[in-house]
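Raw upload16.csv, CSV, C-alpha atoms and all ligand atoms:
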chain,number,residue,atom,x,y,z
J,6,MET,CA,0.0,0.0,0.0
J,7,SER,CA,1.2,3.5,-0.8
J,8,THR,CA,1.8,6.0,1.9
J,9,ILE,CA,-1.0,8.4,2.9
J,10,TRP,CA,0.4,11.9,3.6
J,11,VAL,CA,-1.6,14.3,5.8
J,12,LEU,CA,-1.1,18.0,5.3
J,13,GLY,CA,-1.0,19.2,8.9
J,14,ALA,CA,0.3,17.6,12.0
J,15,GLY,CA,-2.1,18.6,14.7
J,16,GLN,CA,-4.4,16.4,16.8
J,17,LEU,CA,-6.5,15.5,13.8
J,18,GLY,CA,-3.5,14.3,11.8
J,19,ALA,CA,-2.4,12.3,14.9
J,20,MET,CA,-5.8,10.7,15.2
J,21,LEU,CA,-6.0,9.8,11.5
J,22,LYS,CA,-2.6,8.1,11.9
J,23,HIS,CA,-3.8,6.3,15.1
J,24,ALA,CA,-7.0,5.0,13.4
J,25,ALA,CA,-5.1,3.7,10.3
J,26,THR,CA,-2.6,1.7,12.3
J,27,PRO,CA,-4.8,-1.4,12.9
J,28,LEU,CA,-5.4,-1.5,9.1
J,29,GLY,CA,-1.6,-1.6,8.5
J,30,LEU,CA,-1.6,1.6,6.6
J,31,ASP,CA,1.2,4.1,6.6
J,32,VAL,CA,-0.2,7.5,7.5
J,33,ARG,CA,2.2,10.4,7.9
J,34,PRO,CA,1.1,13.8,9.1
J,35,VAL,CA,3.4,16.6,7.9
J,36,ASP,CA,3.9,19.8,9.9
J,37,ILE,CA,3.2,22.7,7.5
J,38,GLU,CA,6.5,24.4,8.6
J,39,SER,CA,8.5,21.3,7.7
J,40,THR,CA,11.5,22.0,5.5
J,41,ASP,CA,12.3,18.4,4.9
J,42,THR,CA,12.2,17.0,1.3
J,43,LEU,CA,9.4,14.5,1.6
J,44,PRO,CA,9.9,11.1,0.0
J,45,LEU,CA,6.7,11.3,-2.0
J,46,SER,CA,6.0,8.5,-4.6
J,47,ALA,CA,3.7,9.0,-7.6
J,48,ASP,CA,1.2,6.5,-6.2
J,49,ASP,CA,1.0,8.0,-2.7
J,50,ILE,CA,-2.1,9.7,-1.5
J,51,VAL,CA,-2.4,13.1,0.0
J,52,THR,CA,-5.1,14.4,2.3
J,53,ALA,CA,-5.4,17.3,4.8
J,54,GLU,CA,-6.4,17.9,8.4
J,55,ARG,CA,-6.9,21.6,7.9
J,56,GLU,CA,-8.9,23.7,5.4
J,57,GLU,CA,-6.1,26.1,4.4
J,58,TRP,CA,-2.4,26.4,4.6
J,59,PRO,CA,0.3,28.9,3.9
J,60,LYS,CA,2.8,28.2,1.1
J,61,THR,CA,5.7,26.4,2.7
J,62,ASN,CA,8.3,23.9,1.5
J,63,ALA,CA,6.1,21.1,2.9
J,64,THR,CA,2.7,22.3,1.7
J,65,GLU,CA,4.0,23.0,-1.8
J,66,GLN,CA,5.3,19.4,-2.1
J,67,LEU,CA,2.0,18.0,-0.9
J,68,ALA,CA,-0.3,20.4,-2.8
J,69,THR,CA,1.3,19.7,-6.1
J,70,HIS,CA,1.0,15.9,-5.8
J,71,SER,CA,-1.4,14.5,-8.4
J,72,ASN,CA,-3.2,12.3,-5.8
J,73,PHE,CA,-4.2,15.1,-3.4
J,74,VAL,CA,-7.8,14.1,-2.7
J,75,ASN,CA,-10.3,17.0,-2.9
J,76,LEU,CA,-7.6,19.6,-3.6
J,77,SER,CA,-10.0,21.9,-5.5
J,78,THR,CA,-12.6,21.7,-2.7
J,79,PHE,CA,-10.4,23.2,0.0
J,80,PRO,CA,-10.2,26.8,-1.3
J,81,GLN,CA,-14.0,26.8,-2.0
J,82,LEU,CA,-14.9,25.9,1.5
J,83,ALA,CA,-12.0,27.6,3.4
J,84,ASP,CA,-13.4,30.9,2.3
J,85,ARG,CA,-16.8,31.6,3.9
J,86,LEU,CA,-17.8,33.7,1.0
J,87,THR,CA,-17.5,30.9,-1.6
J,88,GLN,CA,-18.8,28.4,1.0
J,89,LYS,CA,-22.0,30.5,1.4
J,90,LYS,CA,-22.3,30.9,-2.3
J,91,TRP,CA,-22.2,27.1,-2.7
J,92,LEU,CA,-25.0,26.7,-0.1
J,93,ASP,CA,-27.1,29.3,-1.9
J,94,LYS,CA,-26.4,27.8,-5.3
J,95,LEU,CA,-27.5,24.4,-4.0
J,96,GLU,CA,-30.5,26.0,-2.3
J,97,LEU,CA,-29.5,24.7,1.0
J,98,ALA,CA,-30.8,26.7,4.0
J,99,THR,CA,-28.2,28.8,5.7
J,100,ALA,CA,-28.2,31.9,7.9
J,101,PRO,CA,-29.1,35.0,5.7
J,102,TRP,CA,-25.9,36.7,4.8
J,103,PHE,CA,-24.0,39.1,2.5
J,104,PRO,CA,-20.4,40.0,1.9
J,105,ILE,CA,-18.8,42.9,3.7
J,106,GLU,CA,-17.3,45.1,1.1
J,107,GLN,CA,-15.3,48.3,1.3
J,108,ASP,CA,-18.5,50.4,1.2
J,109,SER,CA,-20.6,48.3,3.6
J,110,THR,CA,-22.0,50.2,6.5
J,111,SER,CA,-23.3,49.0,9.8
J,112,ASN,CA,-26.7,50.6,8.9
J,113,HIS,CA,-26.9,48.4,5.9
J,114,CYS,CA,-26.2,45.4,8.1
J,115,TYR,CA,-28.9,46.4,10.6
J,116,ASN,CA,-31.5,47.3,7.9
J,117,THR,CA,-30.9,44.0,6.0
J,118,LEU,CA,-30.2,41.5,8.7
J,119,GLY,CA,-31.7,42.9,11.9
J,120,GLU,CA,-30.5,44.6,15.1
J,121,LYS,CA,-27.8,42.0,15.9
J,122,VAL,CA,-25.4,40.9,13.1
J,123,LEU,CA,-22.5,38.6,13.3
J,124,LEU,CA,-19.5,39.5,11.2
J,125,LYS,CA,-17.3,36.5,10.4
J,126,ARG,CA,-13.8,36.7,8.8
J,127,ARG,CA,-13.8,35.0,5.5
J,128,ARG,CA,-10.7,33.0,6.3
J,129,GLY,CA,-8.8,31.4,9.1
J,130,GLY,CA,-11.6,31.6,11.8
J,131,TYR,CA,-12.0,28.7,14.2
J,132,ASP,CA,-13.4,28.2,17.7
J,133,GLY,CA,-15.3,31.4,17.4
J,134,LYS,CA,-12.1,33.4,16.7
J,135,GLY,CA,-12.7,35.7,13.7
J,136,GLN,CA,-16.2,36.8,14.8
J,137,PHE,CA,-17.4,40.3,15.6
J,138,TRP,CA,-20.9,41.2,16.8
J,139,LEU,CA,-22.6,44.3,15.5
J,140,LYS,CA,-25.3,45.5,17.9
J,141,GLN,CA,-27.5,48.3,16.8
J,142,SER,CA,-28.4,49.2,20.4
J,143,GLU,CA,-24.7,49.9,21.0
J,144,GLY,CA,-24.1,51.6,17.7
J,145,THR,CA,-21.3,49.2,16.8
J,146,GLN,CA,-19.6,50.0,13.4
J,147,VAL,CA,-18.1,47.7,10.9
J,148,PRO,CA,-14.3,47.7,11.7
J,149,GLU,CA,-12.3,49.2,8.8
J,150,ASP,CA,-10.0,46.1,8.6
J,151,TRP,CA,-13.0,43.8,8.2
J,152,LYS,CA,-14.1,45.4,5.0
J,153,GLY,CA,-13.5,43.1,2.1
J,154,HIS,CA,-12.5,40.3,4.5
J,155,ALA,CA,-15.7,39.2,6.1
J,156,ILE,CA,-19.3,38.2,5.6
J,157,ALA,CA,-22.3,39.5,7.7
J,158,GLU,CA,-24.7,37.0,9.0
J,159,GLN,CA,-28.1,37.3,10.7
J,160,ALA,CA,-28.1,36.4,14.4
J,161,ILE,CA,-29.9,33.1,14.5
J,162,ASN,CA,-32.1,32.4,17.6
J,163,PHE,CA,-31.7,28.7,17.3
J,164,ASP,CA,-33.1,26.0,19.6
J,165,GLU,CA,-29.8,24.1,19.6
J,166,GLU,CA,-26.8,23.1,17.5
J,167,VAL,CA,-26.4,19.8,15.8
J,168,SER,CA,-23.9,18.4,13.3
J,169,LEU,CA,-23.8,15.6,10.8
J,170,VAL,CA,-20.6,13.8,9.9
J,171,GLY,CA,-20.6,11.8,6.7
J,172,VAL,CA,-18.2,9.9,4.5
J,173,ARG,CA,-18.3,9.6,0.7
J,174,GLY,CA,-16.2,7.1,-1.2
J,175,LYS,CA,-14.6,7.3,-4.6
J,176,ASN,CA,-17.5,5.4,-6.1
J,177,GLY,CA,-20.0,8.0,-4.7
J,178,GLU,CA,-21.5,5.8,-2.0
J,179,SER,CA,-21.9,7.6,1.3
J,180,PHE,CA,-22.6,6.8,5.0
J,181,PHE,CA,-23.5,9.0,7.9
J,182,TYR,CA,-23.2,8.9,11.7
J,183,PRO,CA,-26.3,9.9,13.7
J,184,LEU,CA,-26.9,13.6,14.2
J,185,THR,CA,-24.8,14.9,17.1
J,186,LEU,CA,-26.0,17.5,19.6
J,187,ASN,CA,-23.4,20.1,20.4
J,188,LEU,CA,-22.8,22.7,23.1
J,189,HIS,CA,-20.7,25.7,22.2
J,190,ILE,CA,-19.7,28.2,24.9
J,191,ASN,CA,-18.4,31.5,23.6
J,192,GLY,CA,-18.1,30.1,20.1
J,193,ILE,CA,-16.1,27.0,21.1
J,194,LEU,CA,-17.3,23.4,21.2
J,195,TYR,CA,-17.4,22.1,24.8
J,196,ALA,CA,-19.5,19.0,24.6
J,197,SER,CA,-21.3,16.6,22.2
J,198,ILE,CA,-23.8,13.8,22.7
J,199,ALA,CA,-25.1,11.2,20.2
J,200,PRO,CA,-27.2,9.5,19.2
J,201,LEU,CA,-30.4,11.0,20.6
J,202,ASP,CA,-33.8,9.5,19.8
J,203,ARG,CA,-35.4,13.0,19.7
J,204,LEU,CA,-33.2,14.0,16.8
J,205,THR,CA,-33.8,10.9,14.6
J,206,HIS,CA,-36.7,12.5,12.7
J,207,LEU,CA,-34.2,15.0,11.3
J,208,GLN,CA,-31.6,12.4,10.2
J,209,THR,CA,-33.0,11.9,6.7
J,210,LYS,CA,-33.3,15.6,6.0
J,211,ALA,CA,-29.8,16.2,7.3
J,212,GLU,CA,-28.3,13.4,5.2
J,213,ALA,CA,-30.0,14.7,2.1
J,214,MET,CA,-28.4,18.1,2.7
J,215,LEU,CA,-24.9,16.9,3.2
J,216,SER,CA,-25.3,14.4,0.3
J,217,LYS,CA,-26.2,17.1,-2.1
J,218,LEU,CA,-23.1,19.0,-1.1
J,219,MET,CA,-20.7,16.1,-1.3
J,220,GLU,CA,-22.2,15.1,-4.7
J,221,ALA,CA,-21.9,18.6,-6.1
J,222,LEU,CA,-18.2,18.8,-5.0
J,223,ASP,CA,-17.5,15.2,-6.0
J,224,TYR,CA,-16.1,15.0,-2.5
J,225,VAL,CA,-14.2,12.0,-1.2
J,226,GLY,CA,-13.7,11.4,2.6
J,227,VAL,CA,-15.3,12.7,5.7
J,228,MET,CA,-17.1,16.0,5.7
J,229,ALA,CA,-19.0,17.7,8.6
J,230,MET,CA,-22.0,19.9,8.4
J,231,GLU,CA,-22.7,22.1,11.4
J,232,CYS,CA,-26.4,23.2,11.7
J,233,PHE,CA,-28.7,25.3,13.8
J,234,ARG,CA,-31.9,23.5,14.7
J,235,LEU,CA,-35.0,25.7,14.7
J,236,GLY,CA,-38.0,23.5,15.4
J,237,ASP,CA,-37.9,20.9,12.7
J,238,ASP,CA,-35.8,23.1,10.4
J,239,LEU,CA,-32.0,22.8,9.9
J,240,LEU,CA,-30.0,25.9,8.8
J,241,ILE,CA,-26.4,25.1,7.8
J,242,ASN,CA,-24.0,27.1,9.9
J,243,GLU,CA,-20.8,25.9,8.3
J,244,LEU,CA,-19.1,23.0,6.6
J,245,ALA,CA,-15.7,21.4,7.3
J,246,PRO,CA,-14.1,19.3,4.5
J,247,ARG,CA,-12.3,17.1,7.1
J,248,VAL,CA,-12.7,15.1,10.2
J,249,HIS,CA,-14.4,17.2,12.8
J,250,ASN,CA,-14.4,17.8,16.5
J,251,SER,CA,-18.1,16.9,16.8
J,252,GLY,CA,-17.3,13.5,15.4
J,253,HIS,CA,-14.7,12.6,18.0
J,254,TRP,CA,-17.3,10.5,20.0
J,255,THR,CA,-17.2,8.0,17.2
J,256,GLN,CA,-13.8,6.8,18.6
J,257,ALA,CA,-15.7,5.4,21.5
J,258,GLY,CA,-19.2,4.9,20.1
J,259,ALA,CA,-18.9,3.4,16.6
J,260,SER,CA,-17.4,0.3,15.1
J,261,VAL,CA,-15.6,2.5,12.5
J,262,ASN,CA,-14.7,6.0,13.7
J,263,GLN,CA,-14.6,9.1,11.6
J,264,PHE,CA,-10.8,9.0,11.3
J,265,GLU,CA,-10.7,5.4,10.0
J,266,ASN,CA,-13.6,6.2,7.6
J,267,HIS,CA,-11.7,9.2,6.2
J,268,ILE,CA,-8.6,7.1,5.6
J,269,ARG,CA,-10.6,4.3,4.1
J,270,ALA,CA,-12.3,6.7,1.7
J,271,VAL,CA,-9.2,8.5,0.5
J,272,ALA,CA,-7.3,5.2,0.2
J,273,GLY,CA,-10.2,3.8,-1.9
J,274,LEU,CA,-10.9,1.0,0.6
J,275,PRO,CA,-14.4,-0.4,1.2
J,276,LEU,CA,-16.7,1.7,3.3
J,277,ALA,CA,-19.6,0.3,5.3
J,278,LYS,CA,-22.3,1.5,7.6
J,279,ALA,CA,-20.7,1.9,11.0
J,280,GLU,CA,-22.3,0.2,13.9
J,281,VAL,CA,-23.3,2.7,16.6
J,282,LYS,CA,-22.7,1.0,19.9
J,283,ASN,CA,-24.5,3.0,22.6
J,284,LEU,CA,-24.9,6.6,23.8
J,285,SER,CA,-21.7,8.6,23.5
J,286,MET,CA,-20.6,11.8,25.1
J,287,MET,CA,-17.5,13.9,24.3
J,288,VAL,CA,-16.1,16.7,26.5
J,289,ASN,CA,-13.4,18.9,25.0
J,290,LEU,CA,-10.5,19.8,27.2
J,291,ILE,CA,-9.9,23.5,26.7
J,292,GLY,CA,-7.1,25.3,28.4
J,293,VAL,CA,-6.9,22.8,31.3
J,294,PRO,CA,-3.8,20.8,32.3
J,295,VAL,CA,-3.9,17.1,32.0
J,296,ASN,CA,-5.1,15.3,35.1
J,297,TYR,CA,-4.6,11.6,35.0
J,298,ASP,CA,-7.0,11.2,37.9
J,299,TRP,CA,-9.7,11.5,35.2
J,300,LEU,CA,-8.7,7.9,34.3
J,301,SER,CA,-10.1,6.5,37.5
J,302,THR,CA,-13.6,7.1,36.1
J,303,GLU,CA,-15.2,3.9,34.8
J,304,GLY,CA,-15.6,3.9,31.0
J,305,LEU,CA,-13.7,7.2,30.4
J,306,GLU,CA,-11.4,7.4,27.4
J,307,LEU,CA,-8.8,10.2,27.3
J,308,TYR,CA,-7.2,11.7,24.3
J,309,TRP,CA,-4.5,14.1,25.3
J,310,TYR,CA,-2.9,16.0,22.4
J,311,ASN,CA,0.4,16.9,24.1
J,312,LYS,CA,0.2,20.5,23.2
J,313,SER,CA,1.1,23.3,25.6
J,314,VAL,CA,-1.9,24.4,27.6
J,315,ARG,CA,-3.1,28.0,26.9
J,316,PRO,CA,-6.4,29.5,27.8
J,317,GLY,CA,-9.1,28.7,25.2
J,318,ARG,CA,-6.9,26.1,23.4
J,319,LYS,CA,-8.2,22.6,22.7
J,320,VAL,CA,-5.6,20.3,24.3
J,321,GLY,CA,-7.5,17.0,24.5
J,322,HIS,CA,-10.9,15.4,24.8
J,323,ILE,CA,-12.7,12.8,26.8
J,324,ASN,CA,-15.1,10.2,25.3
J,325,MET,CA,-17.5,8.0,27.1
J,326,CYS,CA,-19.9,5.4,25.6
J,327,SER,CA,-22.3,3.3,27.6
J,328,GLY,CA,-25.7,1.7,27.4
J,329,HIS,CA,-26.1,2.5,31.1
J,330,ILE,CA,-27.3,6.0,31.6
J,331,ASP,CA,-26.6,5.8,35.4
J,332,LYS,CA,-22.9,5.1,34.5
J,333,LEU,CA,-22.7,8.1,32.3
J,334,ASN,CA,-24.4,10.2,35.0
J,335,THR,CA,-21.9,9.0,37.6
J,336,ALA,CA,-19.0,9.7,35.3
J,337,LEU,CA,-20.2,13.3,34.7
J,338,THR,CA,-20.6,13.9,38.4
J,339,GLU,CA,-17.0,12.7,38.9
J,340,LEU,CA,-15.8,15.0,36.1
J,341,ASP,CA,-17.7,17.9,37.5
J,342,ALA,CA,-15.5,17.8,40.6
J,343,GLN,CA,-12.3,17.7,38.6
J,344,LEU,CA,-12.9,20.4,36.0
J,345,PRO,CA,-12.9,24.2,36.4
J,346,GLU,CA,-15.5,26.8,35.1
J,347,PRO,CA,-17.2,26.7,32.7
J,348,TYR,CA,-17.4,22.9,32.7
J,349,GLN,CA,-20.2,22.9,35.2
J,350,GLU,CA,-22.4,24.4,32.5
J,351,ALA,CA,-21.2,21.8,30.0
J,352,ILE,CA,-21.7,18.9,32.4
J,353,LYS,CA,-25.1,20.2,33.4
J,354,TRP,CA,-26.0,20.3,29.8
J,355,LEU,CA,-24.9,16.8,29.1
J,356,LYS,CA,-26.8,15.5,32.1
J,357,ALA,CA,-29.9,17.3,31.0
J,358,ASN,CA,-29.6,15.7,27.6
J,359,LEU,CA,-29.2,12.1,28.8
J,360,PRO,CA,-32.4,10.2,27.9
X,1,LIG,P1,-15.4,26.1,14.4
X,1,LIG,O1,-14.5,26.0,15.6
X,1,LIG,O2,-16.7,25.2,14.6
X,1,LIG,O3,-14.8,26.0,13.1
X,1,LIG,P2,-15.9,28.9,13.7
X,1,LIG,O4,-15.0,29.8,14.5
X,1,LIG,O5,-15.5,28.6,12.3
X,1,LIG,O6,-16.1,27.6,14.6
X,1,LIG,P3,-18.8,29.2,13.5
X,1,LIG,O7,-19.0,27.7,13.6
X,1,LIG,O8,-19.3,29.9,12.3
X,1,LIG,O9,-17.3,29.6,13.8
X,1,LIG,O10,-19.4,29.8,14.8
X,1,LIG,C1,-19.0,29.4,16.1
X,1,LIG,C2,-20.3,29.4,17.0
X,1,LIG,O11,-20.8,30.7,17.1
X,1,LIG,C3,-21.4,28.5,16.5
X,1,LIG,O12,-21.2,27.2,16.8
X,1,LIG,C4,-22.6,29.2,17.2
X,1,LIG,O13,-22.6,28.8,18.5
X,1,LIG,C5,-22.2,30.7,17.1
X,1,LIG,N1,-22.8,31.3,15.9
X,1,LIG,C6,-22.2,31.2,14.7
X,1,LIG,N2,-23.0,31.8,13.7
X,1,LIG,C7,-24.1,32.3,14.4
X,1,LIG,C8,-25.2,33.1,14.0
X,1,LIG,N3,-25.4,33.4,12.8
X,1,LIG,N4,-26.1,33.4,15.0
X,1,LIG,C9,-26.0,33.0,16.3
X,1,LIG,N5,-24.9,32.3,16.7
X,1,LIG,C10,-23.9,32.0,15.8
X,2,MG,MG,-15.3,26.8,11.4
X,3,MG,MG,-18.2,26.0,13.6
Serialized structure, structure tokens:
Amino acid sequence: MSTIWVLGAGQLGAMLKHAATPLGLDVRPVDIESTDTLPLSADDIVTAEREEWPKTNATEQLATHSNFVNLSTFPQLADRLTQKKWLDKLELATAPWFPIEQDSTSNHCYNTLGEKVLLKRRRGGYDGKGQFWLKQSEGTQVPEDWKGHAIAEQAINFDEEVSLVGVRGKNGESFFYPLTLNLHINGILYASIAPLDRLTHLQTKAEAMLSKLMEALDYVGVMAMECFRLGDDLLINELAPRVHNSGHWTQAGASVNQFENHIRAVAGLPLAKAEVKNLSMMVNLIGVPVNYDWLSTEGLELYWYNKSVRPGRKVGHINMCSGHIDKLNTALTELDAQLPEPYQEAIKWLKANLP
């Protein structure tokens, strides 16, 4: 088997490599700043764990390889402007929006989208970074350096946030995990839970939306669709052409996790419907130091990324999967005592969503 190169060497790259190991596949994440000359062969495969990258020695070698899967999709989804245009073109529901141009005024934003408007940088935003709220009541103005580099979005008063992770193979067949319910605090994902019976009636609709996109882009691999749920309607918030944080629970809760599925797809290996084992929960570790006492909780699975801990930085996650709701509840109570603010909110939310 040829080598599978991953552009980017963060936690997603590491987990792709980890998932491919039992299959005997050679997956090599590459740091974008690497100055090494990579021993690329013509029949190797290239994928990415990030949506965009600077031009470096490493990225140039990978991005010019003829087997870079989805190469043309990345720039289209990495820019929120072209991503939103795709959604509109495919008539997929998304938050009302328009581009912020040099002559865009805050009044135009308020008149068109309402008294609260969210500006989002076109590129590079993640974990809620690259967002700016315009509030008419406070007379907020469009910052000069956002003009030409952002889109304006209507503030959506959603009921909750859900996401769908799907995988599409080279032959066009696709499979999906159950919808995941997500909690974001200050724009950053804190916790996920799946599957939930109360969301199953939205599954077909969500799959049709993501299928339409993956088909239109002739996409191969795992893609995630983040949505706002308003009653029985789904509005697409954003898309990620890669494995996604809201799919991390599949490491504990599915026979084939999202990382293995992505590798299978880009390598042209068979895909199959993943067996979902039980109820899963994921808690992101954000800006907290590792505490190996967490491991004394029954059923807890820790992924620690070995990154330096900084406030607001994702440094690991915890997964749990069980058919016993009382065990999940107990685990959450134990975690509650071991994690700082604002985890109490996240744990309360998870408990409230246990069936
Ligand atoms: P990610 O880390 O998921 O890539 P991001 O920085 O790219 O995040 P978004 O997903 O667009 O940004 O937004 C982050 C969060 O901000 C959303 O999950 C949601 O909680 C909130 N948000 C985004 N857009 C809106 C909106 N139009 N109205 C209300 N809340 C929003
Ligand atoms: Mg994003
Ligand atoms: Mg998001």
Exercise. Which is closer to ligand LIG 1 (chain X) than all the others in J:Thr117, J:Gln159, J:Ser327, J:Asn289, using only C-alpha atoms and all ligand atoms?
Worked result: J:Gln159
For this session: Please provide the set of residues having any atom within 12 Å of Gly317 (chain J), restricted to all atoms listed in the file, with same-chain residues fewer than 5 positions apart removed, written as JSON, numbers by chain.
Result: {"J": [131, 132, 133, 134, 190, 191, 192, 193, 194, 195, 289, 290, 291, 292, 293, 294, 346, 347]}
For this session: Please provide the set of residues having any atom within 10 Å of Asn334 (chain J), restricted to only C-alpha atoms, with same-chain residues fewer than 2 positions apart removed, written as a list in words.
Result: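 Contacts, with the query itself left out: His329, Ile330, Asp331, Lys332, Ala336, Leu337, Thr338, Glu339, Leu340, Ile352, Leu355, Lys356, Ala357 and Leu359 of chain J.
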For this session: Could you give me, as number ranges by chain, every polymer residue with an atom at most 9 Å away from an atom of ligand MG 2 (chain X), counting only C-alpha atoms and all ligand atoms?
Result: J: 83, 129-133, 231, 242-245
Problem set entry | Residues within 8 Å of Val271 (chain J), only C-alpha atoms, excluding chain neighbours under 4 positions, as a list in words |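 Final neighbour list, sorted by chain and number: Ile50, Thr52, Val74, Gly174, Lys175, Val225, Gly226 and His267 of chain J.
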Exercise. Out of J:Leu218, J:Met6, J:Ala157, J:Val320, which residue has the shortest atom-to-atom distance to Gly135 (chain J) when counting only C-alpha atoms?
Worked result: J:Ala157
